[in-house]
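What follows is the content of final.txt, which has compact mmCIF, N, CA and C atoms:
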```
# COMPACT_ATOMS: atom_id res chain seq x y z
N MET A 1 -9.50 -2.91 16.09
CA MET A 1 -8.27 -2.76 15.36
C MET A 1 -7.43 -4.02 15.47
N ALA A 2 -7.55 -4.71 16.58
CA ALA A 2 -6.78 -5.94 16.76
C ALA A 2 -7.14 -6.97 15.70
N GLU A 3 -8.44 -7.11 15.42
CA GLU A 3 -8.87 -8.09 14.43
C GLU A 3 -8.34 -7.74 13.04
N LEU A 4 -8.41 -6.46 12.67
CA LEU A 4 -7.89 -6.03 11.38
C LEU A 4 -6.37 -6.22 11.31
N SER A 5 -5.69 -5.90 12.39
CA SER A 5 -4.23 -6.04 12.42
C SER A 5 -3.81 -7.50 12.29
N GLU A 6 -4.56 -8.39 12.92
CA GLU A 6 -4.24 -9.82 12.81
C GLU A 6 -4.50 -10.34 11.40
N ALA A 7 -5.49 -9.80 10.74
CA ALA A 7 -5.86 -10.27 9.39
C ALA A 7 -4.95 -9.72 8.31
N SER A 8 -4.29 -8.59 8.56
CA SER A 8 -3.49 -7.95 7.52
C SER A 8 -2.22 -7.35 8.09
N GLU A 9 -1.07 -7.88 7.66
CA GLU A 9 0.21 -7.31 8.09
C GLU A 9 0.37 -5.88 7.58
N GLU A 10 -0.14 -5.63 6.37
CA GLU A 10 -0.05 -4.28 5.82
C GLU A 10 -0.82 -3.29 6.69
N PHE A 11 -2.05 -3.66 7.06
CA PHE A 11 -2.84 -2.79 7.93
C PHE A 11 -2.15 -2.59 9.27
N ALA A 12 -1.62 -3.66 9.85
CA ALA A 12 -0.94 -3.56 11.15
C ALA A 12 0.22 -2.58 11.09
N GLY A 13 0.99 -2.61 10.01
CA GLY A 13 2.10 -1.68 9.85
C GLY A 13 1.64 -0.25 9.72
N LEU A 14 0.60 -0.03 8.94
CA LEU A 14 0.06 1.32 8.79
C LEU A 14 -0.51 1.84 10.10
N TRP A 15 -1.19 0.96 10.84
CA TRP A 15 -1.78 1.37 12.12
C TRP A 15 -0.69 1.74 13.13
N ARG A 16 0.41 1.00 13.13
CA ARG A 16 1.51 1.29 14.06
C ARG A 16 2.13 2.65 13.79
N THR A 17 2.24 3.05 12.52
CA THR A 17 2.90 4.31 12.19
C THR A 17 2.00 5.52 12.43
N HIS A 18 0.68 5.32 12.43
CA HIS A 18 -0.28 6.41 12.60
C HIS A 18 0.02 7.57 11.66
N ASP A 19 0.39 7.23 10.43
CA ASP A 19 0.69 8.24 9.41
C ASP A 19 -0.62 8.75 8.81
N ILE A 20 -1.25 9.68 9.51
CA ILE A 20 -2.56 10.18 9.13
C ILE A 20 -2.44 11.64 8.74
N LYS A 21 -3.04 11.98 7.63
CA LYS A 21 -3.01 13.36 7.15
C LYS A 21 -4.44 13.82 6.90
N ALA A 22 -4.71 15.04 7.29
CA ALA A 22 -6.04 15.60 7.04
C ALA A 22 -6.19 15.90 5.55
N LYS A 23 -7.38 15.72 5.04
CA LYS A 23 -7.67 16.05 3.65
C LYS A 23 -8.46 17.34 3.63
N SER A 24 -8.02 18.27 2.81
CA SER A 24 -8.78 19.50 2.68
C SER A 24 -9.46 19.58 1.32
N GLN A 25 -8.93 18.83 0.34
CA GLN A 25 -9.55 18.80 -0.99
C GLN A 25 -9.37 17.41 -1.57
N GLU A 26 -10.37 16.98 -2.28
CA GLU A 26 -10.30 15.66 -2.89
C GLU A 26 -11.33 15.58 -4.01
N GLY A 27 -11.11 14.69 -4.94
CA GLY A 27 -12.06 14.47 -6.00
C GLY A 27 -12.34 13.00 -6.19
N LYS A 28 -13.54 12.68 -6.60
CA LYS A 28 -13.94 11.31 -6.87
C LYS A 28 -14.61 11.25 -8.23
N HIS A 29 -14.44 10.15 -8.91
CA HIS A 29 -15.13 9.91 -10.18
C HIS A 29 -16.07 8.74 -9.96
N LEU A 30 -17.36 8.96 -10.25
CA LEU A 30 -18.36 7.92 -10.09
C LEU A 30 -19.08 7.69 -11.41
N ARG A 31 -19.47 6.45 -11.64
CA ARG A 31 -20.26 6.13 -12.83
C ARG A 31 -21.63 5.63 -12.34
N HIS A 32 -22.63 6.47 -12.49
CA HIS A 32 -23.98 6.14 -12.06
C HIS A 32 -24.71 5.46 -13.22
N PRO A 33 -25.43 4.37 -12.95
CA PRO A 33 -26.06 3.64 -14.05
C PRO A 33 -27.14 4.42 -14.78
N ARG A 34 -27.76 5.38 -14.13
CA ARG A 34 -28.84 6.13 -14.79
C ARG A 34 -28.40 7.49 -15.32
N VAL A 35 -27.48 8.18 -14.63
CA VAL A 35 -27.11 9.53 -15.07
C VAL A 35 -25.73 9.59 -15.72
N GLY A 36 -24.97 8.50 -15.63
CA GLY A 36 -23.66 8.47 -16.29
C GLY A 36 -22.53 8.90 -15.37
N ASP A 37 -21.48 9.44 -15.96
CA ASP A 37 -20.27 9.81 -15.23
C ASP A 37 -20.47 11.10 -14.44
N LEU A 38 -19.96 11.10 -13.21
CA LEU A 38 -20.01 12.27 -12.35
C LEU A 38 -18.63 12.50 -11.74
N HIS A 39 -18.26 13.74 -11.58
CA HIS A 39 -17.09 14.11 -10.80
C HIS A 39 -17.60 14.79 -9.54
N ILE A 40 -17.15 14.31 -8.39
CA ILE A 40 -17.54 14.89 -7.10
C ILE A 40 -16.30 15.55 -6.50
N ALA A 41 -16.38 16.84 -6.25
CA ALA A 41 -15.28 17.57 -5.63
C ALA A 41 -15.63 17.81 -4.16
N PHE A 42 -14.62 17.67 -3.30
CA PHE A 42 -14.80 17.86 -1.87
C PHE A 42 -13.81 18.89 -1.37
N ALA A 43 -14.27 19.78 -0.51
CA ALA A 43 -13.37 20.74 0.15
C ALA A 43 -13.79 20.85 1.60
N ALA A 44 -12.80 20.90 2.51
CA ALA A 44 -13.07 21.04 3.94
C ALA A 44 -12.47 22.34 4.43
N PHE A 45 -13.20 23.00 5.29
CA PHE A 45 -12.77 24.28 5.84
C PHE A 45 -12.85 24.22 7.36
N THR A 46 -11.86 24.77 8.04
CA THR A 46 -11.92 24.81 9.50
C THR A 46 -12.97 25.83 9.93
N VAL A 47 -13.56 25.57 11.08
CA VAL A 47 -14.58 26.46 11.63
C VAL A 47 -13.95 27.19 12.80
N ASN A 48 -13.76 28.49 12.67
CA ASN A 48 -13.15 29.27 13.74
C ASN A 48 -14.01 29.19 15.00
N GLY A 49 -13.36 28.96 16.14
CA GLY A 49 -14.06 28.89 17.41
C GLY A 49 -14.75 27.57 17.68
N ALA A 50 -14.63 26.60 16.79
CA ALA A 50 -15.25 25.29 16.98
C ALA A 50 -14.16 24.23 16.87
N LEU A 51 -13.54 23.93 17.98
CA LEU A 51 -12.41 23.00 18.03
C LEU A 51 -12.78 21.64 17.42
N HIS A 52 -11.93 21.14 16.55
CA HIS A 52 -12.07 19.82 15.92
C HIS A 52 -13.28 19.71 14.99
N GLN A 53 -13.78 20.82 14.49
CA GLN A 53 -14.91 20.75 13.56
C GLN A 53 -14.51 21.35 12.22
N GLN A 54 -15.07 20.79 11.18
CA GLN A 54 -14.84 21.29 9.83
C GLN A 54 -16.16 21.38 9.09
N LEU A 55 -16.21 22.29 8.17
CA LEU A 55 -17.35 22.42 7.27
C LEU A 55 -16.95 21.75 5.96
N GLY A 56 -17.74 20.80 5.50
CA GLY A 56 -17.45 20.10 4.26
C GLY A 56 -18.38 20.56 3.15
N ARG A 57 -17.82 20.69 1.95
CA ARG A 57 -18.61 21.10 0.80
C ARG A 57 -18.39 20.07 -0.30
N TYR A 58 -19.47 19.55 -0.84
CA TYR A 58 -19.42 18.61 -1.96
C TYR A 58 -20.06 19.28 -3.16
N ARG A 59 -19.46 19.10 -4.31
CA ARG A 59 -19.98 19.70 -5.54
C ARG A 59 -19.84 18.66 -6.64
N SER A 60 -20.85 18.55 -7.47
CA SER A 60 -20.78 17.57 -8.56
C SER A 60 -21.02 18.26 -9.89
N ARG A 61 -20.51 17.62 -10.92
CA ARG A 61 -20.79 18.06 -12.28
C ARG A 61 -20.72 16.83 -13.17
N TRP A 62 -21.53 16.84 -14.20
CA TRP A 62 -21.50 15.73 -15.14
C TRP A 62 -20.27 15.84 -16.01
N CYS A 63 -19.77 14.69 -16.41
CA CYS A 63 -18.64 14.64 -17.32
C CYS A 63 -19.16 14.78 -18.75
N ARG A 64 -18.41 15.47 -19.53
CA ARG A 64 -18.73 15.54 -20.95
C ARG A 64 -17.92 14.46 -21.66
N PRO A 65 -18.45 13.88 -22.70
CA PRO A 65 -17.68 12.87 -23.45
C PRO A 65 -16.32 13.45 -23.87
N GLY A 66 -15.29 12.66 -23.68
CA GLY A 66 -13.94 13.08 -24.07
C GLY A 66 -13.21 13.85 -22.98
N ARG A 67 -13.82 14.04 -21.81
CA ARG A 67 -13.15 14.75 -20.71
C ARG A 67 -12.74 13.82 -19.63
```

Go ahead and express the file in the form of structure tokens.
Amino acid sequence: MAELSEASEEFAGLWRTHDIKAKSQEGKHLRHPRVGDLHIAFAAFTVNGALHQQLGRYRSRWCRPGR
């Protein structure tokens, strides 16, 4: 972290604040050269009785033209 902090004042400031938030849902848009556009949805769920563990689920669907 020291090397990154020295290289970037922005990173150093973010690292000092430790403003970290867990993500439970997120989406990504990818353009694959062979299959085209994809939307990847992510959801995380806590696992009861398993401290600090989450179950992650990824789901994809192709984009339709105009969407």

**Asked** Hey, what does DSSP flag as alpha helix (DSSP H) within chain A? Can you give it to me as a list in words?
**Response**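 The residues of chain A classed as alpha helix (DSSP H) are Ala2, Glu3, Leu4, Ser5, Glu6, Ala7, Glu9, Glu10, Phe11, Ala12, Gly13, Leu14, Trp15, Arg16 and Thr17 of chain A.
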
**d(atom CA of A:His52, atom CA of A:Trp15) in Å** =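 So the answer is 21.5 Å.
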
**Asked** When you draw a straight line from atom CA of A:Ala43 to atom CA of A:His18, how long is it in Å?
**Response** 23.1 Å

**Request:** Could you check how far atom C of A:Gly27 sits from atom N of A:Arg57, in Å to one decimal?
**Result:** 12.5 Å

**Request:** Taking the chain letters and numbering used in this document, name the residues of stretch 11-65 of chain A that DSSP puts in strand (DSSP E or B), as number ranges by chain.
**Result:** A: 25-32, 36-46, 54-62
